[in-house]
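S.K.: Provided herewith: input-v8.txt, compact mmCIF, C-alpha atoms and all ligand atoms.
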```txt
# COMPACT_ATOMS: atom_id res chain seq x y z
CA MET Z 986 -15.02 30.15 1.80
CA ALA Z 987 -14.96 28.50 5.21
CA ALA Z 988 -14.09 24.85 5.38
CA SER Z 989 -17.51 24.13 6.86
CA ASP Z 990 -19.21 25.47 3.70
CA THR Z 991 -17.46 23.01 1.47
CA PRO Z 992 -18.69 19.63 0.48
CA PRO Z 993 -16.99 16.71 2.21
CA PRO Z 994 -14.01 15.25 0.39
CA LYS Z 995 -14.60 12.61 -2.21
CA SER Z 996 -13.80 9.09 -1.22
CA HIS Z 997 -13.18 5.99 -3.22
CA GLY Z 998 -14.35 2.90 -1.50
CA ARG Z 999 -14.86 -0.75 -1.87
CA LYS Z 1000 -18.40 -0.43 -3.14
CA SER Z 1001 -17.56 1.80 -6.01
CA ILE Z 1002 -14.67 0.50 -8.06
CA ARG Z 1003 -14.72 -1.61 -11.18
CA PRO Z 1004 -11.99 -1.55 -13.81
CA SER Z 1005 -14.47 -0.42 -16.44
CA LEU Z 1006 -15.53 2.65 -14.50
CA LYS Z 1007 -14.16 6.09 -15.34
CA PRO Z 1008 -12.41 7.91 -12.46
CA ARG Z 1009 -15.43 10.24 -12.01
CA ASP Z 1010 -17.73 7.28 -11.44
CA LEU Z 1011 -15.53 6.11 -8.59
CA MET Z 1012 -16.05 9.24 -6.54
CA GLY Z 1013 -19.15 8.33 -4.57
CA GLU Z 1014 -19.23 9.21 -0.89
CA THR Z 1015 -18.10 6.33 1.26
CA PRO Z 1016 -17.83 6.10 5.03
CA GLN Z 1017 -14.37 5.95 6.58
CA LEU Z 1018 -13.41 2.32 6.91
CA ALA Z 1019 -12.02 1.82 10.40
CA HIS Z 1020 -9.16 -0.48 9.51
CA ALA Z 1021 -8.29 0.91 6.13
CA TRP Z 1022 -5.03 2.72 5.43
CA HIS Z 1023 -5.91 6.29 4.43
CA ALA Z 1024 -4.43 8.12 1.47
CA HIS Z 1025 -5.61 11.75 1.51
CA LEU Z 1026 -4.68 13.95 -1.42
CA ILE Z 1027 -4.89 17.73 -1.64
CA THR Z 1028 -4.90 18.41 -5.36
CA LEU Z 1029 -6.26 20.62 -8.12
CA PHE Z 1030 -6.87 17.44 -10.13
CA PRO Z 1031 -8.89 14.97 -8.02
CA GLU Z 1032 -9.97 13.28 -11.25
CA ALA Z 1033 -6.37 12.05 -11.63
CA PHE Z 1034 -7.07 9.59 -8.76
CA PRO Z 1035 -7.07 6.67 -8.30
CA GLY Z 1036 -5.49 6.63 -11.76
CA VAL Z 1037 -3.21 3.68 -12.17
CA LEU Z 1038 -3.77 2.78 -8.50
CA GLY Z 1039 -7.23 1.59 -9.55
CA SER Z 1040 -5.62 -1.26 -11.54
CA SER Z 1041 -4.16 -4.61 -10.58
CA LEU Z 1042 -3.16 -5.35 -6.97
CA THR Z 1043 -3.61 -1.79 -5.65
CA GLY Z 1044 -7.02 -1.60 -7.34
CA LYS Z 1045 -8.12 -4.85 -5.77
CA ALA Z 1046 -6.88 -3.67 -2.37
CA LEU Z 1047 -8.90 -0.45 -2.79
CA LYS Z 1048 -11.97 -2.47 -3.65
CA ASP Z 1049 -11.35 -4.76 -0.67
CA GLY Z 1050 -11.12 -1.78 1.71
CA ILE Z 1051 -7.48 -2.40 2.66
CA TRP Z 1052 -6.86 1.23 1.81
CA GLN Z 1053 -9.12 4.21 1.18
CA LEU Z 1054 -8.61 7.19 -1.07
CA HIS Z 1055 -9.83 10.69 -0.16
CA THR Z 1056 -9.30 13.78 -2.24
CA THR Z 1057 -9.63 17.40 -1.21
CA ASN Z 1058 -10.10 19.59 -4.27
CA LEU Z 1059 -7.96 22.67 -3.69
CA ARG Z 1060 -10.17 24.63 -6.09
CA GLU Z 1061 -13.08 24.42 -3.66
CA PHE Z 1062 -11.08 26.51 -1.19
CA GLY Z 1063 -10.14 29.15 -3.77
CA GLU Z 1064 -10.72 32.89 -3.47
CA GLY Z 1065 -13.67 34.74 -4.99
CA LYS Z 1066 -16.03 33.92 -7.78
CA HIS Z 1067 -13.30 32.29 -9.84
CA ARG Z 1068 -11.95 30.27 -6.92
CA ASN Z 1069 -8.43 31.56 -7.50
CA VAL Z 1070 -5.77 29.39 -5.91
CA ASP Z 1071 -2.54 31.03 -7.10
CA ASP Z 1072 -0.85 34.39 -7.55
CA THR Z 1073 2.39 35.83 -8.91
CA PRO Z 1074 5.62 35.22 -6.98
CA ALA Z 1075 6.65 37.90 -4.47
CA GLY Z 1076 9.84 39.48 -5.80
CA GLY Z 1077 8.89 38.77 -9.41
CA GLY Z 1078 9.85 35.98 -11.76
CA ALA Z 1079 8.14 33.36 -13.86
CA GLY Z 1080 5.11 31.29 -12.98
CA MET Z 1081 2.52 31.28 -10.23
CA VAL Z 1082 2.59 30.22 -6.58
CA LEU Z 1083 -0.20 28.47 -4.66
CA ARG Z 1084 -1.60 30.87 -2.04
CA PRO Z 1085 -1.06 30.10 1.67
CA ASP Z 1086 -4.60 31.08 2.71
CA VAL Z 1087 -6.16 28.77 0.12
CA MET Z 1088 -3.79 25.90 0.89
CA GLY Z 1089 -4.24 26.52 4.63
CA ARG Z 1090 -7.99 25.98 4.38
CA ALA Z 1091 -7.48 22.78 2.42
CA ILE Z 1092 -4.96 21.54 5.00
CA GLU Z 1093 -7.35 22.35 7.88
CA ASP Z 1094 -10.01 20.36 6.07
CA ALA Z 1095 -7.63 17.42 5.61
CA ILE Z 1096 -6.44 17.55 9.25
CA SER Z 1097 -10.04 17.42 10.47
CA ARG Z 1098 -10.64 14.07 8.83
CA ALA Z 1099 -7.37 12.36 7.91
CA PRO Z 1100 -5.03 10.49 10.24
CA GLY Z 1101 -1.27 10.52 9.77
CA PRO Z 1102 1.33 13.09 8.78
CA ILE Z 1103 1.11 15.70 6.04
CA VAL Z 1104 3.77 15.75 3.36
CA TYR Z 1105 4.37 18.07 0.43
CA LEU Z 1106 5.55 16.40 -2.76
CA SER Z 1107 8.48 18.48 -3.91
CA PRO Z 1108 11.74 18.11 -5.84
CA ARG Z 1109 13.44 19.84 -2.88
CA GLY Z 1110 12.32 17.15 -0.44
CA LYS Z 1111 13.95 14.10 1.09
CA ARG Z 1112 14.25 11.40 -1.55
CA PHE Z 1113 11.47 8.80 -1.26
CA ASP Z 1114 12.75 5.24 -0.83
CA GLN Z 1115 11.72 1.75 0.28
CA ALA Z 1116 12.41 2.55 3.95
CA MET Z 1117 10.01 5.50 3.77
CA ALA Z 1118 7.38 3.31 2.11
CA ARG Z 1119 7.77 0.82 4.98
CA ASP Z 1120 7.44 3.58 7.59
CA TRP Z 1121 4.32 4.99 5.92
CA ALA Z 1122 2.74 1.54 5.64
CA ARG Z 1123 2.91 1.26 9.46
CA LEU Z 1124 1.02 4.56 9.96
CA PRO Z 1125 -2.78 4.95 9.78
CA GLY Z 1126 -2.30 6.89 6.56
CA VAL Z 1127 -0.64 9.88 4.89
CA THR Z 1128 -1.94 13.22 3.59
CA MET Z 1129 -0.12 14.43 0.48
CA ILE Z 1130 -0.12 17.95 -0.92
CA CYS Z 1131 0.25 17.90 -4.69
CA GLY Z 1132 1.81 21.16 -5.86
CA ARG Z 1133 1.44 22.78 -9.27
CA PHE Z 1134 3.03 25.75 -11.05
CA GLU Z 1135 6.07 27.05 -9.09
CA GLY Z 1136 4.93 25.34 -5.90
CA VAL Z 1137 3.39 26.38 -2.58
CA ASP Z 1138 3.92 29.57 -0.50
CA GLN Z 1139 6.63 28.72 2.05
CA ARG Z 1140 4.71 30.13 5.01
CA VAL Z 1141 1.99 27.49 4.88
CA LEU Z 1142 4.59 24.70 4.79
CA ASP Z 1143 6.39 26.21 7.81
CA HIS Z 1144 3.18 26.89 9.71
CA TYR Z 1145 1.97 23.29 9.52
CA ARG Z 1146 5.52 21.84 9.75
CA VAL Z 1147 4.94 19.98 6.51
CA SER Z 1148 7.87 17.77 5.48
CA GLU Z 1149 8.85 17.67 1.82
CA VAL Z 1150 9.32 14.40 -0.05
CA SER Z 1151 10.76 14.02 -3.54
CA LEU Z 1152 10.23 11.25 -6.05
CA GLY Z 1153 13.68 11.89 -7.50
CA ASP Z 1154 16.04 14.47 -8.90
CA PHE Z 1155 13.85 15.74 -11.72
CA VAL Z 1156 10.99 18.22 -11.98
CA LEU Z 1157 7.41 17.15 -12.71
CA THR Z 1158 4.62 19.56 -13.63
CA GLY Z 1159 2.63 18.50 -10.57
CA GLY Z 1160 2.69 16.27 -7.52
CA GLU Z 1161 -0.01 13.85 -8.68
CA ILE Z 1162 2.26 11.38 -10.48
CA ALA Z 1163 4.74 11.46 -7.59
CA ALA Z 1164 1.86 10.80 -5.17
CA GLN Z 1165 0.69 7.80 -7.16
CA ALA Z 1166 4.20 6.34 -7.37
CA MET Z 1167 4.74 6.70 -3.60
CA LEU Z 1168 1.28 5.39 -2.79
CA ASP Z 1169 1.84 2.35 -5.01
CA ALA Z 1170 5.11 1.53 -3.23
CA THR Z 1171 3.44 1.95 0.19
CA ILE Z 1172 0.15 0.18 -0.48
CA ARG Z 1173 1.81 -2.97 -1.80
CA LEU Z 1174 3.43 -3.33 1.64
CA LEU Z 1175 0.10 -3.27 3.51
CA PRO Z 1176 -0.87 -6.68 4.91
CA GLY Z 1177 -2.99 -8.62 2.46
CA VAL Z 1178 -2.13 -6.66 -0.69
CA LEU Z 1179 0.55 -8.97 -2.05
CA GLY Z 1180 -0.19 -12.68 -2.06
CA ASN Z 1181 2.51 -15.23 -1.35
CA ALA Z 1182 3.11 -15.29 -5.07
CA GLU Z 1183 4.29 -11.66 -4.99
CA SER Z 1184 6.28 -11.59 -1.77
CA ALA Z 1185 7.95 -8.30 -0.85
CA VAL Z 1186 10.58 -10.10 1.21
CA GLU Z 1187 13.01 -11.03 -1.55
CA GLU Z 1188 12.99 -8.12 -3.94
CA SER Z 1189 15.13 -5.14 -4.81
CA HIS Z 1190 15.75 -2.78 -1.87
CA SER Z 1191 14.22 -5.13 0.70
CA ASN Z 1192 17.62 -6.36 1.96
CA GLY Z 1193 19.89 -3.59 0.69
CA LEU Z 1194 20.57 -5.37 -2.62
CA LEU Z 1195 19.07 -5.24 -6.09
CA GLU Z 1196 17.19 -8.34 -7.16
CA HIS Z 1197 18.83 -11.13 -9.15
CA PRO Z 1198 17.85 -11.55 -12.83
CA GLN Z 1199 14.53 -13.33 -13.46
CA TYR Z 1200 13.79 -15.91 -16.17
CA THR Z 1201 10.78 -17.90 -17.34
CA ARG Z 1202 9.84 -20.30 -20.13
CA PRO Z 1203 10.88 -21.08 -22.81
CA ALA Z 1204 14.13 -22.58 -21.50
CA GLU Z 1205 15.83 -21.49 -24.72
CA TRP Z 1206 14.91 -18.32 -26.59
CA ASN Z 1207 16.75 -17.02 -29.68
CA GLY Z 1208 19.73 -19.16 -28.72
CA HIS Z 1209 19.83 -17.80 -25.14
CA ARG Z 1210 19.46 -20.37 -22.39
CA ILE Z 1211 18.26 -19.96 -18.84
CA PRO Z 1212 21.23 -20.55 -16.47
CA ASP Z 1213 21.41 -24.33 -15.86
CA VAL Z 1214 21.33 -24.04 -12.09
CA LEU Z 1215 17.82 -22.55 -12.20
CA LEU Z 1216 16.58 -25.69 -13.98
CA SER Z 1217 18.49 -28.05 -11.66
CA GLY Z 1218 15.83 -28.32 -8.94
CA HIS Z 1219 18.51 -27.89 -6.22
CA HIS Z 1220 16.97 -25.26 -3.97
CA GLY Z 1221 20.17 -24.62 -2.03
CA ASP Z 1222 22.21 -24.08 -5.21
CA ILE Z 1223 19.50 -21.86 -6.66
CA ALA Z 1224 19.34 -19.68 -3.54
CA LYS Z 1225 23.13 -19.39 -3.56
CA TRP Z 1226 23.23 -18.48 -7.26
CA ARG Z 1227 20.54 -15.86 -6.78
CA HIS Z 1228 22.29 -14.30 -3.81
CA GLU Z 1229 25.59 -14.13 -5.71
CA ALA Z 1230 23.90 -12.68 -8.80
CA SER Z 1231 22.17 -10.14 -6.59
CA LYS Z 1232 25.45 -9.06 -5.03
CA GLU Z 1233 27.22 -8.89 -8.40
CA LEU Z 1234 24.46 -6.76 -9.95
CA THR Z 1235 24.42 -4.38 -7.00
CA LYS Z 1236 28.21 -4.03 -7.07
CA GLN Z 1237 28.15 -3.18 -10.78
CA ARG Z 1238 25.14 -0.89 -10.89
CA ARG Z 1239 24.89 0.75 -7.49
CA PRO Z 1240 28.23 1.17 -5.76
CA ASP Z 1241 26.44 3.36 -3.18
CA LEU Z 1242 24.13 0.51 -2.16
CA TRP Z 1243 26.96 -1.99 -2.30
CA ASP Z 1244 29.15 0.05 0.06
CA ALA Z 1245 26.29 0.34 2.55
CA TYR Z 1246 25.59 -3.42 2.31
CA ASP Z 1247 29.26 -4.37 2.58
CA GLU Z 1248 29.57 -2.46 5.87
N1 LIG B 1 9.60 25.47 -8.75
C1 LIG B 1 9.75 24.20 -8.10
C2 LIG B 1 9.18 23.06 -8.97
C3 LIG B 1 7.69 23.12 -9.13
S1 LIG B 1 7.10 21.77 -10.03
C4 LIG B 1 11.22 23.92 -7.86
O1 LIG B 1 12.04 24.33 -8.67
O2 LIG B 1 11.56 23.26 -6.86
C5 LIG B 1 5.38 21.77 -9.62
C6 LIG B 1 4.96 20.77 -8.58
O3 LIG B 1 5.24 19.46 -9.02
C7 LIG B 1 5.64 20.90 -7.24
O4 LIG B 1 4.99 21.82 -6.40
C8 LIG B 1 5.58 19.48 -6.68
O5 LIG B 1 4.38 19.26 -5.95
C9 LIG B 1 5.55 18.62 -7.93
N2 LIG B 1 6.85 17.98 -8.20
C10 LIG B 1 7.72 18.33 -9.17
N3 LIG B 1 8.80 17.55 -9.16
C11 LIG B 1 8.64 16.67 -8.14
C12 LIG B 1 9.43 15.61 -7.61
N4 LIG B 1 10.63 15.31 -8.11
N5 LIG B 1 8.94 14.93 -6.56
C13 LIG B 1 7.74 15.22 -6.03
N6 LIG B 1 6.94 16.22 -6.49
C14 LIG B 1 7.38 16.95 -7.53
```
Any chance you could put this one into structure tokens?

M.R.:
Amino acid sequence: MAASDTPPPKSHGRKSIRPSLKPRDLMGETPQLAHAWHAHLITLFPEAFPGVLGSSLTGKALKDGIWQLHTTNLREFGEGKHRNVDDTPAGGGAGMVLRPDVMGRAIEDAISRAPGPIVYLSPRGKRFDQAMARDWARLPGVTMICGRFEGVDQRVLDHYRVSEVSLGDFVLTGGEIAAQAMLDATIRLLPGVLGNAESAVEESHSNGLLEHPQYTRPAEWNGHRIPDVLLSGHHGDIAKWRHEASKELTKQRRPDLWDAYDE
């Protein structure tokens, strides 16, 4: 099927989202919002989106048009009556591989309407981190290919120079959860998503350190007290205590981060 024969991708926009709606109800056509950050997903499971991104701060930001969600359903580009998207691996072995011709058509469709780079979510990719989230947040958007089965035919990744990004050193059944995790980390950095109350300036990975421990009321719980300094009202002392606690925690838990910070 040619890309031009396929329906336009589904979009999720500010008009359409309420927490009570089911994902399907959110998939009305919406115009591209000029200033929105664009998340474009190529997936066999468009109904998985916005998923958890429809809740809380990211959900409000979607409703407010700070970011827009577009999905390209890979199935619509499949071969033949059954819209086949996969086939057995060349050389034999277990599982199925997503076909390059089918994925190629979906990528062409995405390129024609989505700004920003194309990445393939893959356990072989560069490890996603806060720096990557910051870089992505500065772009007009990102297109993400969610793999399934054994993954995607290598030729289509080479042809479109798709970079691979991993959520971590483990294997998921598909890219959709990885996409949502990376989108969450990126979207919360877009201007206007976090209020002052949820600043991204002083949190884990923002300055190379893990965050200090957090406490709230009651001041004493099960015999455990909040450290006195935090109740002292001395802002200088509190800041100093937090910075020291942050360093200590990082030293103990993440020697790799600590070494980089110490340099
Ligand atoms: N055979 C592949 C794994 C396929 S898992 C291998 O051994 O490398 C199926 C799909 O899940 C992948 O195509 C990818 O899109 C997604 N996926 C699995 N683990 C992932 C991870 N750690 N990060 C991002 N995506 C992942």

S.K.: Please report the interatomic distance between atom CA of Z:Thr1028 and atom CA of Z:Asn1058 in Å with one decimal.

M.R.: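 Going from atom CA of Z:Thr1028 over to atom CA of Z:Asn1058 covers 5.4 Å.
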
S.K.: Within 6 Å of ligand LIG 1 (chain B), which residues of chain Z show up? Give each one with its shortest atom-to-atom distance in Å (one decimal) and the two atoms involved, counting only C-alpha atoms and all ligand atoms, rows by chain then rising residue number, as CSV.

M.R.:
```
residue,atom,partner,partner_atom,distance
Z:Leu1106,CA,B:LIG1,N6,4.0
Z:Ser1107,CA,B:LIG1,N6,3.8
Z:Pro1108,CA,B:LIG1,N4,3.8
Z:Arg1109,CA,B:LIG1,O2,5.6
Z:Cys1131,CA,B:LIG1,O5,4.5
Z:Gly1132,CA,B:LIG1,O5,3.2
Z:Arg1133,CA,B:LIG1,C5,4.1
Z:Phe1134,CA,B:LIG1,C5,4.8
Z:Glu1135,CA,B:LIG1,N1,3.9
Z:Gly1136,CA,B:LIG1,O4,3.6
Z:Ser1151,CA,B:LIG1,N5,3.6
Z:Leu1152,CA,B:LIG1,N5,3.9
Z:Gly1153,CA,B:LIG1,N4,4.6
Z:Asp1154,CA,B:LIG1,N4,5.5
Z:Phe1155,CA,B:LIG1,N4,4.9
Z:Val1156,CA,B:LIG1,N3,3.6
Z:Leu1157,CA,B:LIG1,C10,3.7
Z:Thr1158,CA,B:LIG1,C5,4.6
Z:Gly1159,CA,B:LIG1,O3,3.2
Z:Gly1160,CA,B:LIG1,C9,3.7
Z:Ala1163,CA,B:LIG1,C13,5.1
```

S.K.: May I have the residues from that selection written out with C-alpha atoms, as a JSON list (two decimals), keeping the file's coordinate frame?

M.R.:
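Wrote again.json, looks like this:
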```
[["chain", "number", "residue", "atom", "x", "y", "z"],
["Z", 1106, "LEU", "CA", 5.55, 16.40, -2.76],
["Z", 1107, "SER", "CA", 8.48, 18.48, -3.91],
["Z", 1108, "PRO", "CA", 11.74, 18.11, -5.84],
["Z", 1109, "ARG", "CA", 13.44, 19.84, -2.88],
["Z", 1131, "CYS", "CA", 0.25, 17.90, -4.69],
["Z", 1132, "GLY", "CA", 1.81, 21.16, -5.86],
["Z", 1133, "ARG", "CA", 1.44, 22.78, -9.27],
["Z", 1134, "PHE", "CA", 3.03, 25.75, -11.05],
["Z", 1135, "GLU", "CA", 6.07, 27.05, -9.09],
["Z", 1136, "GLY", "CA", 4.93, 25.34, -5.90],
["Z", 1151, "SER", "CA", 10.76, 14.02, -3.54],
["Z", 1152, "LEU", "CA", 10.23, 11.25, -6.05],
["Z", 1153, "GLY", "CA", 13.68, 11.89, -7.50],
["Z", 1154, "ASP", "CA", 16.04, 14.47, -8.90],
["Z", 1155, "PHE", "CA", 13.85, 15.74, -11.72],
["Z", 1156, "VAL", "CA", 10.99, 18.22, -11.98],
["Z", 1157, "LEU", "CA", 7.41, 17.15, -12.71],
["Z", 1158, "THR", "CA", 4.62, 19.56, -13.63],
["Z", 1159, "GLY", "CA", 2.63, 18.50, -10.57],
["Z", 1160, "GLY", "CA", 2.69, 16.27, -7.52],
["Z", 1163, "ALA", "CA", 4.74, 11.46, -7.59]]
```

S.K.: Could you give me, as a list in words, the residues within 9 Å of Z:Gly1177, counting all atoms listed in the file and dropping anything in the same chain fewer than 3 positions from it?

M.R.: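 Near neighbours after the sequence-gap exclusion: Ala1046, Ile1051, Arg1173, Leu1174 and Gly1180 of chain Z.
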
S.K.: Residues near stretch 1197-1206 of chain Z, anyone? I mean within 9 Å using only C-alpha atoms, not counting same-chain ones fewer than 5 positions away, as a PDB file with C-alpha atoms, in the coordinates of the input.

M.R.:
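Result file is out-v9.pdb:
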```pdb
ATOM      1  CA  GLU Z1188      12.990  -8.120  -3.940  1.00  0.00           C
ATOM      2  CA  SER Z1189      15.130  -5.140  -4.810  1.00  0.00           C
ATOM      3  CA  ILE Z1211      18.260 -19.960 -18.840  1.00  0.00           C
ATOM      4  CA  PRO Z1212      21.230 -20.550 -16.470  1.00  0.00           C
ATOM      5  CA  LEU Z1215      17.820 -22.550 -12.200  1.00  0.00           C
ATOM      6  CA  LEU Z1216      16.580 -25.690 -13.980  1.00  0.00           C
ATOM      7  CA  TRP Z1226      23.230 -18.480  -7.260  1.00  0.00           C
ATOM      8  CA  ARG Z1227      20.540 -15.860  -6.780  1.00  0.00           C
ATOM      9  CA  HIS Z1228      22.290 -14.300  -3.810  1.00  0.00           C
ATOM     10  CA  GLU Z1229      25.590 -14.130  -5.710  1.00  0.00           C
ATOM     11  CA  ALA Z1230      23.900 -12.680  -8.800  1.00  0.00           C
ATOM     12  CA  SER Z1231      22.170 -10.140  -6.590  1.00  0.00           C
ATOM     13  CA  LYS Z1232      25.450  -9.060  -5.030  1.00  0.00           C
ATOM     14  CA  GLU Z1233      27.220  -8.890  -8.400  1.00  0.00           C
ATOM     15  CA  LEU Z1234      24.460  -6.760  -9.950  1.00  0.00           C
TER      16      LEU Z1234
END
```

S.K.: Report, in Å with one decimal, the straight-line distance from atom CA of Z:Tyr1105 to atom CA of Z:Val1137.

M.R.: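 These atoms are spaced 8.9 Å apart.
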
S.K.: In Å, rounded to a single decimal, give me how far atom CA of Z:Ile1130 is from atom CA of Z:Gly1089.

M.R.: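 One can read the atom CA of Z:Gly1089 to atom CA of Z:Ile1130 distance as 11.0 Å.
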
S.K.: What lies within 12 Å of Z:Asp1244 using only C-alpha atoms, ignoring chain neighbours under 3 positions off, as a PyMOL selection string?

M.R.: chain Z and resi 1193-1194+1232+1235-1241+1247-1248

S.K.: Write out as a PyMOL selection string the residues lying within 12 Å of Z:His1190, counting only C-alpha atoms and excluding same-chain residues fewer than 4 positions away.

M.R.: chain Z and resi 1114-1119+1170+1185-1186+1194-1197+1231-1232+1235+1239+1242-1243+1245-1246

S.K.: Around the point (4.4, 24.3, 10.2) in the file's coordinates, collect all residues with an atom within 12 Å, using all atoms listed in the file, and return them as a ChimeraX atom specification.

M.R.: /Z:1085,1089,1092,1102-1105,1138-1149

S.K.: Quick one: of Z:Gly1065, Z:Pro1125, Z:Pro1031, Z:Pro1074, who's nearest to Z:Gln1053, counting all atoms listed in the file?

M.R.: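 Nearest candidate to Z:Gln1053 out of Z:Gly1065, Z:Pro1125, Z:Pro1031, Z:Pro1074: Z:Pro1125.
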
S.K.: Find the residues near Z:Ala1019: any atom within 12 Å, counting all atoms listed in the file, skip ones fewer than 2 places away on the same chain, and give them as a ChimeraX atom specification.

M.R.: /Z:1015-1017,1021-1023,1050-1053,1099-1100,1125-1126

S.K.: Nearest to Z:Phe1113: which of Z:Gly1208, Z:Phe1062, Z:Thr1171, Z:Ala1224 is it, counting all atoms listed in the file?

M.R.: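 Counting all atoms listed in the file, the residue closest to Z:Phe1113 is Z:Thr1171.
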
S.K.: Restricting the calculation to only C-alpha atoms, which member of Z:Ser1217, Z:Thr1073, Z:Thr1056, Z:Ser1041 is positioned closest to Z:Glu1161?

M.R.: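 Answer, going by the shortest atom-to-atom distance: Z:Thr1056.
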
S.K.: Calculated over all atoms listed in the file, which of the candidates Z:Leu1018, Z:Ile1027, Z:Leu1047, Z:Ile1172 has the smallest distance to Z:Leu1124?

M.R.: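 The shortest atom-to-atom distance to Z:Leu1124 comes from Z:Ile1172.
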